[in-house]
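> I am sharing target34.pdb, which consists of PDB, C-alpha atoms, pLDDT in the B column:
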```pdb
MODEL        1
ATOM      1  CA  SER A   1     -10.748 -26.520   7.837  1.00 36.00           C
ATOM      2  CA  LEU A   2     -11.345 -23.253   9.677  1.00 33.00           C
ATOM      3  CA  ALA A   3      -8.690 -24.115  12.266  1.00 36.00           C
ATOM      4  CA  GLN A   4      -6.134 -24.981   9.598  1.00 38.00           C
ATOM      5  CA  GLY A   5      -6.957 -21.766   7.740  1.00 41.00           C
ATOM      6  CA  GLY A   6      -6.399 -19.730  10.873  1.00 40.00           C
ATOM      7  CA  ARG A   7      -3.003 -21.294  11.478  1.00 38.00           C
ATOM      8  CA  LEU A   8      -1.897 -20.657   7.886  1.00 43.00           C
ATOM      9  CA  LEU A   9      -2.965 -17.035   7.974  1.00 46.00           C
ATOM     10  CA  SER A  10      -1.263 -16.472  11.308  1.00 38.00           C
ATOM     11  CA  ARG A  11       2.001 -17.663   9.772  1.00 40.00           C
ATOM     12  CA  SER A  12       1.463 -15.328   6.828  1.00 40.00           C
ATOM     13  CA  PHE A  13       1.449 -12.088   8.830  1.00 37.00           C
ATOM     14  CA  SER A  14       2.054 -10.825  12.309  1.00 36.00           C
ATOM     15  CA  SER A  15       0.608  -7.916  14.234  1.00 35.00           C
ATOM     16  CA  SER A  16       1.425  -5.944  17.322  1.00 35.00           C
ATOM     17  CA  ALA A  17      -0.529  -3.634  19.575  1.00 33.00           C
ATOM     18  CA  THR A  18       2.470  -1.307  19.513  1.00 33.00           C
ATOM     19  CA  PRO A  19       3.327   0.099  16.066  1.00 37.00           C
ATOM     20  CA  SER A  20       6.820  -0.928  15.027  1.00 44.00           C
ATOM     21  CA  SER A  21       8.870  -0.624  11.850  1.00 52.00           C
ATOM     22  CA  ASN A  22       9.950  -4.216  12.462  1.00 69.00           C
ATOM     23  CA  THR A  23       6.428  -5.582  11.898  1.00 84.00           C
ATOM     24  CA  PRO A  24       4.947  -6.286   8.440  1.00 95.00           C
ATOM     25  CA  GLY A  25       2.128  -3.806   9.006  1.00 97.00           C
ATOM     26  CA  LEU A  26      -0.521  -3.218   6.369  1.00 98.00           C
ATOM     27  CA  LEU A  27      -0.723  -1.737   2.882  1.00 98.00           C
ATOM     28  CA  GLU A  28      -3.415   0.646   1.709  1.00 98.00           C
ATOM     29  CA  TRP A  29      -4.035   0.578  -2.037  1.00 98.00           C
ATOM     30  CA  ARG A  30      -5.949   3.597  -3.331  1.00 98.00           C
ATOM     31  CA  ARG A  31      -7.304   3.900  -6.863  1.00 98.00           C
ATOM     32  CA  TYR A  32      -8.808   7.128  -8.168  1.00 98.00           C
ATOM     33  CA  LYS A  33     -10.708   7.380 -11.431  1.00 98.00           C
ATOM     34  CA  ILE A  34      -9.927  10.708 -13.100  1.00 98.00           C
ATOM     35  CA  ARG A  35     -11.869  12.655 -15.702  1.00 98.00           C
ATOM     36  CA  PHE A  36     -10.225  12.283 -19.105  1.00 98.00           C
ATOM     37  CA  GLU A  37      -9.984  16.048 -19.620  1.00 98.00           C
ATOM     38  CA  GLY A  38      -8.574  16.568 -16.114  1.00 98.00           C
ATOM     39  CA  MET A  39      -5.855  13.906 -16.042  1.00 98.00           C
ATOM     40  CA  GLN A  40      -2.988  16.204 -17.008  1.00 98.00           C
ATOM     41  CA  GLU A  41      -3.958  18.870 -14.485  1.00 98.00           C
ATOM     42  CA  PHE A  42      -4.514  16.282 -11.743  1.00 98.00           C
ATOM     43  CA  LEU A  43      -1.012  14.886 -12.264  1.00 98.00           C
ATOM     44  CA  ARG A  44       0.508  18.373 -12.366  1.00 98.00           C
ATOM     45  CA  LEU A  45      -1.103  19.319  -9.059  1.00 98.00           C
ATOM     46  CA  THR A  46      -0.116  15.992  -7.536  1.00 98.00           C
ATOM     47  CA  GLU A  47       3.501  16.338  -8.615  1.00 98.00           C
ATOM     48  CA  GLU A  48       3.639  19.826  -7.107  1.00 98.00           C
ATOM     49  CA  SER A  49       2.399  18.412  -3.795  1.00 98.00           C
ATOM     50  CA  ALA A  50       4.650  15.327  -3.762  1.00 98.00           C
ATOM     51  CA  ALA A  51       7.004  16.655  -1.074  1.00 98.00           C
ATOM     52  CA  LEU A  52       4.037  17.649   1.084  1.00 98.00           C
ATOM     53  CA  ARG A  53       2.471  14.213   0.626  1.00 98.00           C
ATOM     54  CA  LYS A  54       5.671  12.507   1.731  1.00 98.00           C
ATOM     55  CA  SER A  55       6.034  14.733   4.786  1.00 98.00           C
ATOM     56  CA  LEU A  56       2.451  14.078   5.871  1.00 98.00           C
ATOM     57  CA  HIS A  57       2.381  10.419   4.812  1.00 98.00           C
ATOM     58  CA  PRO A  58       5.867   8.992   5.530  1.00 97.00           C
ATOM     59  CA  GLY A  59       4.625   5.559   4.490  1.00 98.00           C
ATOM     60  CA  TRP A  60       3.736   6.706   0.962  1.00 98.00           C
ATOM     61  CA  LEU A  61       5.437   4.200  -1.326  1.00 98.00           C
ATOM     62  CA  GLY A  62       4.244   4.656  -4.874  1.00 98.00           C
ATOM     63  CA  PHE A  63       2.139   6.526  -7.401  1.00 98.00           C
ATOM     64  CA  PHE A  64       1.302   4.868 -10.722  1.00 98.00           C
ATOM     65  CA  THR A  65      -0.687   5.278 -13.933  1.00 98.00           C
ATOM     66  CA  PRO A  66      -1.911   2.262 -15.947  1.00 98.00           C
ATOM     67  CA  ASP A  67      -0.481   1.459 -19.358  1.00 97.00           C
ATOM     68  CA  THR A  68      -2.814  -1.445 -20.119  1.00 97.00           C
ATOM     69  CA  GLY A  69      -4.974  -3.982 -18.342  1.00 96.00           C
ATOM     70  CA  GLY A  70      -7.332  -1.606 -16.547  1.00 94.00           C
ATOM     71  CA  CYS A  71      -8.994   1.808 -16.516  1.00 96.00           C
ATOM     72  CA  LEU A  72      -6.496   4.106 -18.243  1.00 97.00           C
ATOM     73  CA  THR A  73      -7.934   7.285 -16.763  1.00 97.00           C
ATOM     74  CA  SER A  74      -7.023   6.293 -13.234  1.00 98.00           C
ATOM     75  CA  VAL A  75      -4.148   6.528 -10.782  1.00 98.00           C
ATOM     76  CA  HIS A  76      -2.965   4.055  -8.149  1.00 98.00           C
ATOM     77  CA  HIS A  77      -1.138   5.040  -4.967  1.00 98.00           C
ATOM     78  CA  ILE A  78       0.010   2.892  -2.065  1.00 98.00           C
ATOM     79  CA  TYR A  79       0.840   3.522   1.593  1.00 98.00           C
ATOM     80  CA  HIS A  80       2.374   1.425   4.350  1.00 98.00           C
ATOM     81  CA  TYR A  81       1.148   1.712   7.945  1.00 98.00           C
ATOM     82  CA  ASP A  82       2.065  -0.154  11.108  1.00 97.00           C
ATOM     83  CA  ASP A  83      -1.622  -0.837  11.828  1.00 97.00           C
ATOM     84  CA  MET A  84      -5.075   0.734  11.493  1.00 98.00           C
ATOM     85  CA  LEU A  85      -4.524   3.053  14.451  1.00 98.00           C
ATOM     86  CA  HIS A  86      -1.339   4.347  12.833  1.00 97.00           C
ATOM     87  CA  ARG A  87      -3.283   4.951   9.596  1.00 98.00           C
ATOM     88  CA  GLN A  88      -5.967   6.848  11.478  1.00 98.00           C
ATOM     89  CA  GLU A  89      -3.417   9.066  13.222  1.00 98.00           C
ATOM     90  CA  VAL A  90      -1.520   9.880  10.008  1.00 98.00           C
ATOM     91  CA  ARG A  91      -4.647  10.702   8.038  1.00 98.00           C
ATOM     92  CA  ALA A  92      -6.134  12.787  10.853  1.00 98.00           C
ATOM     93  CA  LYS A  93      -2.975  14.891  11.093  1.00 97.00           C
ATOM     94  CA  ALA A  94      -2.838  15.361   7.311  1.00 98.00           C
ATOM     95  CA  SER A  95      -6.467  16.485   7.204  1.00 97.00           C
ATOM     96  CA  GLU A  96      -5.562  19.451   9.427  1.00 98.00           C
ATOM     97  CA  ASP A  97      -2.753  20.708   7.193  1.00 98.00           C
ATOM     98  CA  GLU A  98      -3.709  23.815   5.211  1.00 98.00           C
ATOM     99  CA  GLY A  99      -1.527  22.900   2.249  1.00 98.00           C
ATOM    100  CA  TRP A 100      -3.106  19.438   2.064  1.00 98.00           C
ATOM    101  CA  LYS A 101      -6.573  20.955   2.288  1.00 98.00           C
ATOM    102  CA  ALA A 102      -5.721  23.232  -0.642  1.00 98.00           C
ATOM    103  CA  TYR A 103      -4.396  20.325  -2.714  1.00 98.00           C
ATOM    104  CA  ARG A 104      -7.508  18.231  -2.079  1.00 98.00           C
ATOM    105  CA  ALA A 105      -9.749  21.138  -3.035  1.00 98.00           C
ATOM    106  CA  ALA A 106      -7.777  21.670  -6.259  1.00 98.00           C
ATOM    107  CA  ILE A 107      -7.940  18.033  -7.418  1.00 98.00           C
ATOM    108  CA  GLY A 108     -11.567  17.533  -6.379  1.00 98.00           C
ATOM    109  CA  PRO A 109     -13.150  18.598  -9.689  1.00 98.00           C
ATOM    110  CA  HIS A 110     -10.968  16.109 -11.582  1.00 98.00           C
ATOM    111  CA  VAL A 111     -11.744  13.038  -9.452  1.00 98.00           C
ATOM    112  CA  VAL A 112     -14.728  10.876 -10.422  1.00 98.00           C
ATOM    113  CA  GLU A 113     -14.322   8.006  -7.987  1.00 98.00           C
ATOM    114  CA  GLN A 114     -12.104   6.977  -5.066  1.00 98.00           C
ATOM    115  CA  GLU A 115     -11.505   3.398  -3.968  1.00 98.00           C
ATOM    116  CA  SER A 116      -9.443   2.134  -1.031  1.00 98.00           C
ATOM    117  CA  SER A 117      -8.524  -1.385   0.115  1.00 98.00           C
ATOM    118  CA  ILE A 118      -6.422  -2.603   3.031  1.00 98.00           C
ATOM    119  CA  PHE A 119      -4.044  -5.528   2.498  1.00 98.00           C
ATOM    120  CA  LYS A 120      -2.066  -7.669   4.890  1.00 98.00           C
ATOM    121  CA  PRO A 121       1.195  -9.182   3.638  1.00 98.00           C
ATOM    122  CA  ALA A 122       1.551 -12.907   3.033  1.00 98.00           C
ATOM    123  CA  VAL A 123       5.011 -12.960   4.577  1.00 97.00           C
ATOM    124  CA  GLN A 124       5.790 -16.569   3.700  1.00 97.00           C
ATOM    125  CA  CYS A 125       5.189 -15.785   0.002  1.00 98.00           C
ATOM    126  CA  ILE A 126       7.285 -12.625   0.176  1.00 98.00           C
ATOM    127  CA  GLU A 127      10.117 -14.613   1.726  1.00 97.00           C
ATOM    128  CA  ALA A 128       9.677 -17.418  -0.829  1.00 97.00           C
ATOM    129  CA  GLY A 129      10.035 -14.839  -3.600  1.00 97.00           C
ATOM    130  CA  GLY A 130      13.284 -13.576  -2.092  1.00 96.00           C
ATOM    131  CA  ALA A 131      11.854 -10.118  -1.423  1.00 97.00           C
ATOM    132  CA  PRO A 132      12.042  -7.795   1.583  1.00 97.00           C
ATOM    133  CA  LEU A 133       8.913  -6.333   3.143  1.00 97.00           C
ATOM    134  CA  ILE A 134       7.570  -3.616   0.857  1.00 97.00           C
ATOM    135  CA  GLN A 135       8.555  -0.809   3.246  1.00 97.00           C
ATOM    136  CA  ASP A 136      12.156  -2.022   2.879  1.00 96.00           C
ATOM    137  CA  PHE A 137      12.032  -2.417  -0.915  1.00 96.00           C
ATOM    138  CA  LYS A 138      14.157   0.478  -2.166  1.00 94.00           C
ATOM    139  CA  PRO A 139      15.341  -0.070  -5.762  1.00 94.00           C
ATOM    140  CA  GLU A 140      17.430   2.451  -7.643  1.00 91.00           C
ATOM    141  CA  PRO A 141      15.098   4.541  -9.851  1.00 89.00           C
ATOM    142  CA  GLU A 142      15.260   3.485 -13.502  1.00 89.00           C
ATOM    143  CA  GLU A 143      13.752   4.863 -16.686  1.00 90.00           C
ATOM    144  CA  GLY A 144      11.131   2.683 -18.338  1.00 92.00           C
ATOM    145  CA  VAL A 145      10.452   0.337 -15.432  1.00 96.00           C
ATOM    146  CA  MET A 146       7.020  -1.234 -15.135  1.00 97.00           C
ATOM    147  CA  TYR A 147       5.159  -2.572 -12.130  1.00 98.00           C
ATOM    148  CA  GLU A 148       2.758  -5.420 -12.797  1.00 97.00           C
ATOM    149  CA  LEU A 149      -0.254  -5.783 -10.508  1.00 98.00           C
ATOM    150  CA  ARG A 150      -1.683  -9.296 -10.517  1.00 97.00           C
ATOM    151  CA  LYS A 151      -5.027  -9.681  -8.763  1.00 98.00           C
ATOM    152  CA  TYR A 152      -6.847 -12.929  -7.952  1.00 98.00           C
ATOM    153  CA  GLN A 153     -10.463 -13.076  -6.824  1.00 98.00           C
ATOM    154  CA  LEU A 154     -10.988 -16.360  -4.982  1.00 98.00           C
ATOM    155  CA  HIS A 155     -14.130 -18.298  -4.128  1.00 97.00           C
ATOM    156  CA  PRO A 156     -15.702 -17.513  -0.729  1.00 96.00           C
ATOM    157  CA  GLY A 157     -14.549 -19.630   2.180  1.00 94.00           C
ATOM    158  CA  TYR A 158     -11.992 -19.585   4.958  1.00 93.00           C
ATOM    159  CA  GLY A 159      -9.624 -21.945   3.175  1.00 95.00           C
ATOM    160  CA  SER A 160      -9.261 -20.127  -0.163  1.00 96.00           C
ATOM    161  CA  VAL A 161      -6.605 -17.569   0.794  1.00 97.00           C
ATOM    162  CA  PRO A 162      -4.521 -19.880   3.041  1.00 97.00           C
ATOM    163  CA  GLY A 163      -4.577 -22.526   0.316  1.00 97.00           C
ATOM    164  CA  LEU A 164      -3.290 -20.127  -2.317  1.00 97.00           C
ATOM    165  CA  ILE A 165      -0.601 -18.797   0.013  1.00 98.00           C
ATOM    166  CA  GLU A 166       0.597 -22.303   0.790  1.00 97.00           C
ATOM    167  CA  SER A 167       0.794 -23.228  -2.917  1.00 97.00           C
ATOM    168  CA  PHE A 168       2.528 -20.004  -3.965  1.00 98.00           C
ATOM    169  CA  SER A 169       5.095 -20.238  -1.172  1.00 97.00           C
ATOM    170  CA  LYS A 170       6.193 -23.509  -2.773  1.00 97.00           C
ATOM    171  CA  GLY A 171       6.068 -22.304  -6.382  1.00 97.00           C
ATOM    172  CA  LEU A 172       7.485 -18.774  -6.159  1.00 97.00           C
ATOM    173  CA  PRO A 173      11.161 -19.740  -5.719  1.00 97.00           C
ATOM    174  CA  HIS A 174      10.979 -21.620  -9.027  1.00 96.00           C
ATOM    175  CA  LYS A 175       9.210 -18.747 -10.797  1.00 95.00           C
ATOM    176  CA  VAL A 176      11.841 -16.245  -9.637  1.00 95.00           C
ATOM    177  CA  ALA A 177      14.687 -18.576 -10.604  1.00 94.00           C
ATOM    178  CA  ALA A 178      13.311 -18.826 -14.135  1.00 93.00           C
ATOM    179  CA  ASP A 179      13.858 -15.137 -14.890  1.00 91.00           C
ATOM    180  CA  SER A 180      16.401 -12.810 -13.303  1.00 88.00           C
ATOM    181  CA  ASN A 181      14.331  -9.728 -14.214  1.00 89.00           C
ATOM    182  CA  SER A 182      11.466 -10.778 -11.940  1.00 90.00           C
ATOM    183  CA  LYS A 183      11.511  -8.701  -8.737  1.00 96.00           C
ATOM    184  CA  LEU A 184       8.708  -9.430  -6.310  1.00 97.00           C
ATOM    185  CA  VAL A 185       7.605  -6.240  -4.553  1.00 98.00           C
ATOM    186  CA  TYR A 186       4.563  -7.375  -2.597  1.00 98.00           C
ATOM    187  CA  PHE A 187       2.274 -10.337  -2.014  1.00 98.00           C
ATOM    188  CA  GLY A 188      -0.795  -9.883   0.141  1.00 98.00           C
ATOM    189  CA  PHE A 189      -4.502 -10.395   0.723  1.00 98.00           C
ATOM    190  CA  ILE A 190      -7.358  -7.999   1.412  1.00 98.00           C
ATOM    191  CA  ASP A 191      -8.386  -7.409   5.006  1.00 97.00           C
ATOM    192  CA  VAL A 192     -10.808  -4.549   4.236  1.00 98.00           C
ATOM    193  CA  GLY A 193     -12.450  -4.427   0.818  1.00 97.00           C
ATOM    194  CA  MET A 194     -13.451  -7.229  -1.562  1.00 97.00           C
ATOM    195  CA  LEU A 195     -12.541 -10.187   0.626  1.00 97.00           C
ATOM    196  CA  ASN A 196     -10.755 -13.274  -0.703  1.00 98.00           C
ATOM    197  CA  THR A 197      -8.716 -11.051  -3.010  1.00 98.00           C
ATOM    198  CA  VAL A 198      -4.982 -11.704  -3.335  1.00 98.00           C
ATOM    199  CA  ILE A 199      -2.470  -9.501  -5.132  1.00 98.00           C
ATOM    200  CA  GLU A 200       1.084  -9.757  -6.357  1.00 98.00           C
ATOM    201  CA  LEU A 201       3.124  -6.691  -7.334  1.00 98.00           C
ATOM    202  CA  TRP A 202       6.206  -7.238  -9.499  1.00 98.00           C
ATOM    203  CA  ARG A 203       8.852  -4.883 -10.876  1.00 98.00           C
ATOM    204  CA  TYR A 204      10.290  -5.350 -14.377  1.00 97.00           C
ATOM    205  CA  PRO A 205      12.603  -3.340 -16.626  1.00 95.00           C
ATOM    206  CA  SER A 206       9.733  -3.033 -19.135  1.00 94.00           C
ATOM    207  CA  LEU A 207       6.352  -4.411 -20.167  1.00 93.00           C
ATOM    208  CA  ALA A 208       8.104  -6.657 -22.688  1.00 94.00           C
ATOM    209  CA  ALA A 209      10.288  -8.048 -19.883  1.00 94.00           C
ATOM    210  CA  SER A 210       7.196  -8.954 -17.861  1.00 93.00           C
ATOM    211  CA  ILE A 211       5.771 -10.919 -20.786  1.00 92.00           C
ATOM    212  CA  LYS A 212       9.080 -12.719 -21.229  1.00 93.00           C
ATOM    213  CA  ALA A 213       9.190 -13.586 -17.515  1.00 93.00           C
ATOM    214  CA  ARG A 214       5.687 -15.033 -17.700  1.00 90.00           C
ATOM    215  CA  GLU A 215       6.644 -17.154 -20.699  1.00 92.00           C
ATOM    216  CA  SER A 216       9.751 -18.407 -18.894  1.00 93.00           C
ATOM    217  CA  ALA A 217       7.753 -19.347 -15.784  1.00 93.00           C
ATOM    218  CA  ARG A 218       5.264 -21.357 -17.819  1.00 92.00           C
ATOM    219  CA  LYS A 219       8.079 -23.745 -18.767  1.00 93.00           C
ATOM    220  CA  VAL A 220       8.865 -24.577 -15.122  1.00 95.00           C
ATOM    221  CA  ALA A 221       7.154 -27.732 -13.878  1.00 95.00           C
ATOM    222  CA  GLU A 222       6.963 -26.628 -10.250  1.00 96.00           C
ATOM    223  CA  TRP A 223       5.323 -23.332 -11.199  1.00 95.00           C
ATOM    224  CA  LYS A 224       2.794 -25.055 -13.456  1.00 95.00           C
ATOM    225  CA  ASP A 225       1.953 -27.382 -10.568  1.00 95.00           C
ATOM    226  CA  CYS A 226       1.427 -24.355  -8.343  1.00 96.00           C
ATOM    227  CA  ILE A 227      -0.948 -22.670 -10.801  1.00 95.00           C
ATOM    228  CA  ASN A 228      -2.848 -25.901 -11.416  1.00 95.00           C
ATOM    229  CA  SER A 229      -3.371 -26.350  -7.683  1.00 95.00           C
ATOM    230  CA  VAL A 230      -4.870 -22.870  -7.122  1.00 96.00           C
ATOM    231  CA  THR A 231      -6.896 -22.490 -10.335  1.00 95.00           C
ATOM    232  CA  PRO A 232     -10.030 -24.326  -9.074  1.00 96.00           C
ATOM    233  CA  ASN A 233     -10.419 -21.723  -6.296  1.00 96.00           C
ATOM    234  CA  VAL A 234      -9.946 -18.665  -8.546  1.00 97.00           C
ATOM    235  CA  GLN A 235     -13.066 -16.903  -9.848  1.00 97.00           C
ATOM    236  CA  HIS A 236     -11.153 -14.473 -12.039  1.00 96.00           C
ATOM    237  CA  PHE A 237      -7.683 -13.040 -12.479  1.00 96.00           C
ATOM    238  CA  ARG A 238      -6.511  -9.667 -13.799  1.00 96.00           C
ATOM    239  CA  THR A 239      -3.105  -8.234 -14.550  1.00 96.00           C
ATOM    240  CA  THR A 240      -2.448  -4.499 -14.916  1.00 98.00           C
ATOM    241  CA  ALA A 241       0.711  -2.821 -16.183  1.00 97.00           C
ATOM    242  CA  LEU A 242       1.510   0.256 -14.090  1.00 98.00           C
ATOM    243  CA  HIS A 243       4.078   2.941 -14.834  1.00 97.00           C
ATOM    244  CA  PRO A 244       5.473   4.862 -11.865  1.00 98.00           C
ATOM    245  CA  THR A 245       5.116   8.629 -12.185  1.00 98.00           C
ATOM    246  CA  SER A 246       8.237  10.808 -12.130  1.00 96.00           C
ATOM    247  CA  PHE A 247       7.455  11.733  -8.505  1.00 98.00           C
ATOM    248  CA  SER A 248       6.674   8.213  -7.262  1.00 98.00           C
ATOM    249  CA  PRO A 249       8.931   6.989  -4.416  1.00 97.00           C
ATOM    250  CA  LEU A 250       9.046   3.567  -6.123  1.00 97.00           C
ATOM    251  CA  ARG A 251      10.432   3.985  -9.629  1.00 94.00           C
TER     252      ARG A 251
ENDMDL
END
```
Would you give me this structure, written as structure tokens?

Amino acid sequence: SLAQGGRLLSRSFSSSATPSSNTPGLLEWRRYKIRFEGMQEFLRLTEESAALRKSLHPGWLGFFTPDTGGCLTSVHHIYHYDDMLHRQEVRAKASEDEGWKAYRAAIGPHVVEQESSIFKPAVQCIEAGGAPLIQDFKPEPEEGVMYELRKYQLHPGYGSVPGLIESFSKGLPHKVAADSNSKLVYFGFIDVGMLNTVIELWRYPSLAASIKARESARKVAEWKDCINSVTPNVQHFRTTALHPTSFSPLR
């Protein structure tokens, strides 16, 4: 019911009128499609401006390029904010910086499309997966690591997202226990963008390790029960393998 859905979602995230590092906050996921012939130059310019980006956007968490499972001439970058007002303030200040203006002007000819979505964290799933909030996830950088983005598009309705969250909060501990290489980074749902979309972000030593983890999870009865329970409400599901760039905070 609508009332039950509201209660489930309220347990999944919290908010505060006063921005605080102790609150889950929100995650902005930005995807830019880049011209094939401009990809190398775009990344060069972006690497040169990495320190500036971090100074202007303290909540910048990651910058990735796809390996497989999506548009290969694209980049993904993610940012944590306390709330929408905090996001507005950070972006407004950055827009006034001359160095940032110059960077944006330089990359403009290489960018075909920009897409942005706002996610709220499903805290009970993050806790079930044994993970900290994403702003507190600070792994040691490693060569060859891969981040897997798993995206679910659910059927319309107020109960779809709460139902999935409830099922995954029960199944995730068993999935994580099945493979020690599985590191949950984020679990959340869209608040602004294509609604009824849920994502998981996982960190693995390699693409091969992610495939092995998936195979291990499929042997666990509790995880299979979880997937079976949510499948009727899923319209489609996509997984994308993302490599962090050399200048990404998350590596």
> Carefully work through the PyMOL selection byres ((chain A and resi 176) around 10) for this structure and note down the residues it includes, as a list in words.
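Evaluating the PyMOL selection byres ((chain A and resi 176) around 10) on these coordinates yields Ala128, Gly129, Gly130, Gly171, Leu172, Pro173, His174, Lys175, Ala177, Ala178, Asp179, Ser180, Asn181, Ser182, Lys183, Leu184, Ala213, Ser216, Ala217 and Trp223 of chain A.
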> Need to verify the contact set: stretch 240-248 of chain A, 12 Å, all atoms listed in the file, exclusion of same-chain residues closer than 6 positions in sequence. Can you return it as a PyMOL selection string?
chain A and resi 31+43-54+60-72+74-79+138+141-152+199-211
> Since I can't run it myself right now, could you work out what the PyMOL selection byres ((chain A and resi 188) around 10) selects here and report it as a PDB file with C-alpha atoms, in the coordinates of the input?

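Result went into expr_18.pdb, see below:
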```
ATOM      1  CA  SER A  12       1.463 -15.328   6.828  1.00 40.00           C
ATOM      2  CA  PHE A  13       1.449 -12.088   8.830  1.00 37.00           C
ATOM      3  CA  LEU A  26      -0.521  -3.218   6.369  1.00 98.00           C
ATOM      4  CA  LEU A  27      -0.723  -1.737   2.882  1.00 98.00           C
ATOM      5  CA  ILE A 118      -6.422  -2.603   3.031  1.00 98.00           C
ATOM      6  CA  PHE A 119      -4.044  -5.528   2.498  1.00 98.00           C
ATOM      7  CA  LYS A 120      -2.066  -7.669   4.890  1.00 98.00           C
ATOM      8  CA  PRO A 121       1.195  -9.182   3.638  1.00 98.00           C
ATOM      9  CA  ALA A 122       1.551 -12.907   3.033  1.00 98.00           C
ATOM     10  CA  VAL A 123       5.011 -12.960   4.577  1.00 97.00           C
ATOM     11  CA  CYS A 125       5.189 -15.785   0.002  1.00 98.00           C
ATOM     12  CA  ILE A 126       7.285 -12.625   0.176  1.00 98.00           C
ATOM     13  CA  LYS A 151      -5.027  -9.681  -8.763  1.00 98.00           C
ATOM     14  CA  VAL A 161      -6.605 -17.569   0.794  1.00 97.00           C
ATOM     15  CA  ILE A 165      -0.601 -18.797   0.013  1.00 98.00           C
ATOM     16  CA  TYR A 186       4.563  -7.375  -2.597  1.00 98.00           C
ATOM     17  CA  PHE A 187       2.274 -10.337  -2.014  1.00 98.00           C
ATOM     18  CA  PHE A 189      -4.502 -10.395   0.723  1.00 98.00           C
ATOM     19  CA  ILE A 190      -7.358  -7.999   1.412  1.00 98.00           C
ATOM     20  CA  ASP A 191      -8.386  -7.409   5.006  1.00 97.00           C
ATOM     21  CA  THR A 197      -8.716 -11.051  -3.010  1.00 98.00           C
ATOM     22  CA  VAL A 198      -4.982 -11.704  -3.335  1.00 98.00           C
ATOM     23  CA  ILE A 199      -2.470  -9.501  -5.132  1.00 98.00           C
ATOM     24  CA  GLU A 200       1.084  -9.757  -6.357  1.00 98.00           C
ATOM     25  CA  LEU A 201       3.124  -6.691  -7.334  1.00 98.00           C
TER      26      LEU A 201
END
```
> If you apply the PyMOL selection byres ((chain A and resi 109) around 10) to this file, what residues do you get, as a compact mmCIF listing (two decimals) with C-alpha atoms, in the coordinates of the input?

```txt
# COMPACT_ATOMS: atom_id res chain seq x y z
CA ILE A 34 -9.93 10.71 -13.10
CA ARG A 35 -11.87 12.66 -15.70
CA GLY A 38 -8.57 16.57 -16.11
CA PHE A 42 -4.51 16.28 -11.74
CA ARG A 104 -7.51 18.23 -2.08
CA ALA A 105 -9.75 21.14 -3.04
CA ALA A 106 -7.78 21.67 -6.26
CA ILE A 107 -7.94 18.03 -7.42
CA GLY A 108 -11.57 17.53 -6.38
CA HIS A 110 -10.97 16.11 -11.58
CA VAL A 111 -11.74 13.04 -9.45
CA VAL A 112 -14.73 10.88 -10.42
```
> For A:Met39, which of A:Thr73, A:Asn228, A:Ser116, A:Gln88 is the closest residue, counting all atoms listed in the file?
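Answer, going by the shortest atom-to-atom distance: A:Thr73.
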> Using all atoms listed in the file, pick whichever of A:Gln124, A:Ser55, A:Ser229, A:Gln40 has the shortest atom-to-atom distance to A:Lys93.
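With all atoms listed in the file as the atom set, the closest residue is A:Ser55.
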> Suppose you want the space between atom CA of A:Pro139 and atom CA of A:Val185; what is it in Å?
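Spanning atom CA of A:Pro139 to atom CA of A:Val185 is a straight-line distance of 10.0 Å.
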> Measuring atom to atom with all atoms listed in the file, identify which of A:Glu215, A:Glu222, A:Glu28, A:Glu37 is nearest to A:Glu115.
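For A:Glu115, the nearest of the given residues is A:Glu28.
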> Which centre and edge lengths in Å to one decimal define the box along x, y and z that fits every listed atom of stretch 121-126 of chain A plus 8 Å per side, as lines of an AutoDock Vina configuration file?

```
center_x = 4.2
center_y = -12.9
center_z = 2.3
size_x = 22.1
size_y = 23.4
size_z = 20.6
```
> Quick one, how far is atom CA of A:Glu113 from atom CA of A:Met194?
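Separating atom CA of A:Glu113 from atom CA of A:Met194 is a distance of 16.6 Å.
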